[in-house]
Amino acid sequence: MPIYPWKCAPDGYATRRGLRALGLRPGGQEVAAQVMRGRYRRPPLVAYLYRVDLAVPVRPMTSRKWGALALAMLARRTCPVCRITYSYCLPTSLGMCAACAHSEDQRTP
């Protein structure tokens, strides 16, 4: 597998994120090359590259997928304790809204 220095990959290769920006996905192809960036006293950063000519278009979102995504985001915004739906995703570190977490801290001796 060819290995290129960081930011020196030839044209015709892209990372997953680069393919997505072009509206493409790898489509089952193997990793064609990689770029590596050395770091001081740490393992190098590696990015895998795929061939753009073998990539296939991204599948479009169906109405069922949009619905499932909307329900998942609603669950992330709803506090399981007080059942209030917020306009932002609740922190996973608390597992509930800040008001409920603060009230539980007050109750715990």
# chains A, B, ... in the order shown; residues from 1 in each chain; ligands from 1
>>> select_by_dssp(residues="range 12-78 of chain A", states="alpha helix (DSSP H)", output="compact mmCIF listing (two decimals) with N, CA, C and O atoms, in the first residue's frame")
# COMPACT_ATOMS: atom_id res chain seq x y z
N ARG A 16 -12.47 9.49 3.70
CA ARG A 16 -13.93 9.32 3.81
C ARG A 16 -14.62 10.68 3.88
O ARG A 16 -15.65 10.90 3.25
N ARG A 17 -14.05 11.58 4.66
CA ARG A 17 -14.64 12.90 4.80
C ARG A 17 -14.57 13.67 3.48
O ARG A 17 -15.50 14.38 3.11
N GLY A 18 -13.46 13.52 2.75
CA GLY A 18 -13.35 14.17 1.46
C GLY A 18 -14.33 13.60 0.44
O GLY A 18 -14.89 14.34 -0.37
N LEU A 19 -14.53 12.28 0.49
CA LEU A 19 -15.52 11.67 -0.40
C LEU A 19 -16.91 12.17 -0.08
O LEU A 19 -17.72 12.46 -0.97
N ARG A 20 -17.21 12.30 1.20
CA ARG A 20 -18.53 12.76 1.61
C ARG A 20 -18.78 14.19 1.13
O ARG A 20 -19.89 14.54 0.73
N ALA A 21 -17.74 15.02 1.15
CA ALA A 21 -17.88 16.39 0.65
C ALA A 21 -18.19 16.41 -0.84
O ALA A 21 -18.82 17.34 -1.34
N SER A 63 -37.71 8.85 3.92
CA SER A 63 -38.55 9.49 4.93
C SER A 63 -38.50 8.72 6.25
O SER A 63 -38.57 9.30 7.33
N ARG A 64 -38.35 7.41 6.18
CA ARG A 64 -38.23 6.62 7.42
C ARG A 64 -36.94 6.92 8.16
O ARG A 64 -36.92 6.97 9.39
N LYS A 65 -35.84 7.11 7.42
CA LYS A 65 -34.57 7.45 8.06
C LYS A 65 -34.65 8.83 8.70
O LYS A 65 -34.14 9.04 9.80
N TRP A 66 -35.27 9.80 8.01
CA TRP A 66 -35.44 11.12 8.59
C TRP A 66 -36.27 11.05 9.86
O TRP A 66 -35.98 11.73 10.86
N GLY A 67 -37.33 10.23 9.85
CA GLY A 67 -38.17 10.07 11.04
C GLY A 67 -37.42 9.45 12.20
O GLY A 67 -37.55 9.89 13.35
N ALA A 68 -36.63 8.42 11.92
CA ALA A 68 -35.85 7.77 12.97
C ALA A 68 -34.81 8.73 13.55
O ALA A 68 -34.58 8.77 14.76
N LEU A 69 -34.20 9.54 12.69
CA LEU A 69 -33.23 10.52 13.16
C LEU A 69 -33.89 11.58 14.02
O LEU A 69 -33.36 11.99 15.06
N ALA A 70 -35.08 12.02 13.64
CA ALA A 70 -35.81 13.01 14.42
C ALA A 70 -36.18 12.46 15.81
O ALA A 70 -36.07 13.16 16.82
N LEU A 71 -36.60 11.20 15.87
CA LEU A 71 -36.92 10.59 17.17
C LEU A 71 -35.69 10.44 18.05
O LEU A 71 -35.75 10.64 19.27
N ALA A 72 -34.56 10.07 17.44
CA ALA A 72 -33.33 9.93 18.21
C ALA A 72 -32.88 11.27 18.77
O ALA A 72 -32.46 11.37 19.94
N MET A 73 -33.00 12.33 17.98
CA MET A 73 -32.62 13.66 18.48
C MET A 73 -33.59 14.15 19.55
O MET A 73 -33.18 14.83 20.50
N LEU A 74 -34.85 13.81 19.42
CA LEU A 74 -35.83 14.17 20.45
C LEU A 74 -35.48 13.48 21.77
O LEU A 74 -35.57 14.09 22.84
N ALA A 75 -35.07 12.23 21.71
CA ALA A 75 -34.68 11.51 22.92
C ALA A 75 -33.45 12.12 23.56
O ALA A 75 -33.33 12.15 24.79
N ARG A 76 -32.52 12.64 22.77
CA ARG A 76 -31.32 13.28 23.32
C ARG A 76 -31.62 14.62 23.96
O ARG A 76 -30.84 15.11 24.77
N ARG A 77 -32.74 15.24 23.59
CA ARG A 77 -33.11 16.56 24.12
C ARG A 77 -34.10 16.49 25.26
O ARG A 77 -34.41 17.50 25.87
>>> closest_residue(among="A:Ala101, A:Tyr13, A:Leu22, A:Pro91", to="Pro57 in chain A", atoms="only C-alpha atoms")
A:Leu22
>>> residues_around(residues="Val31 in chain A", least_positions_apart="2", cutoff="7 Å", atoms="only C-alpha atoms", output="count of residues only")
5
>>> closest_residue(among="A:Ala99, A:Pro60, A:Gly38, A:Val52", to="Val81 in chain A", atoms="only C-alpha atoms")
A:Ala99
>>> closest_residue(among="A:Tyr86, A:Cys100, A:Glu30, A:Leu94", to="Met1 in chain A", atoms="only C-alpha atoms")
A:Glu30
>>> residues_around(residues="Val46 in chain A", least_positions_apart="6", cutoff="7 Å", atoms="only C-alpha atoms", output="VMD selection string")
chain A and resid 34 to 37
>>> write_last_selection(atoms="C-alpha atoms", output="short mmCIF file (atom, residue, chain, number, x, y, z; two decimals), in the first residue's frame")
data_model
loop_
_atom_site.label_atom_id
_atom_site.label_comp_id
_atom_site.auth_asym_id
_atom_site.auth_seq_id
_atom_site.Cartn_x
_atom_site.Cartn_y
_atom_site.Cartn_z
CA GLN A 34 -2.55 6.29 3.32
CA VAL A 35 -0.99 9.54 4.40
CA MET A 36 1.12 9.71 7.55
CA ARG A 37 2.15 12.62 9.70
#
>>> select_by_dssp(residues="chain A", states="strand (DSSP E or B)", output="PyMOL selection string")
chain A and resi 3-5+13-14+24-25+33-39+42-51+56-57+78+85
>>> atom_distance(atom1="CA of Arg39 in chain A", atom2="CA of Ile3 in chain A")
16.0 Å
>>> atom_distance(atom1="CA of His102 in chain A", atom2="CA of Ser87 in chain A")
19.3 Å
>>> closest_residue(among="A:Gly23, A:Tyr40, A:Gly28, A:Thr92", to="Leu54 in chain A", atoms="only C-alpha atoms")
A:Gly28
>>> atom_distance(atom1="CA of Arg41 in chain A", atom2="CA of Lys7 in chain A")
20.9 Å
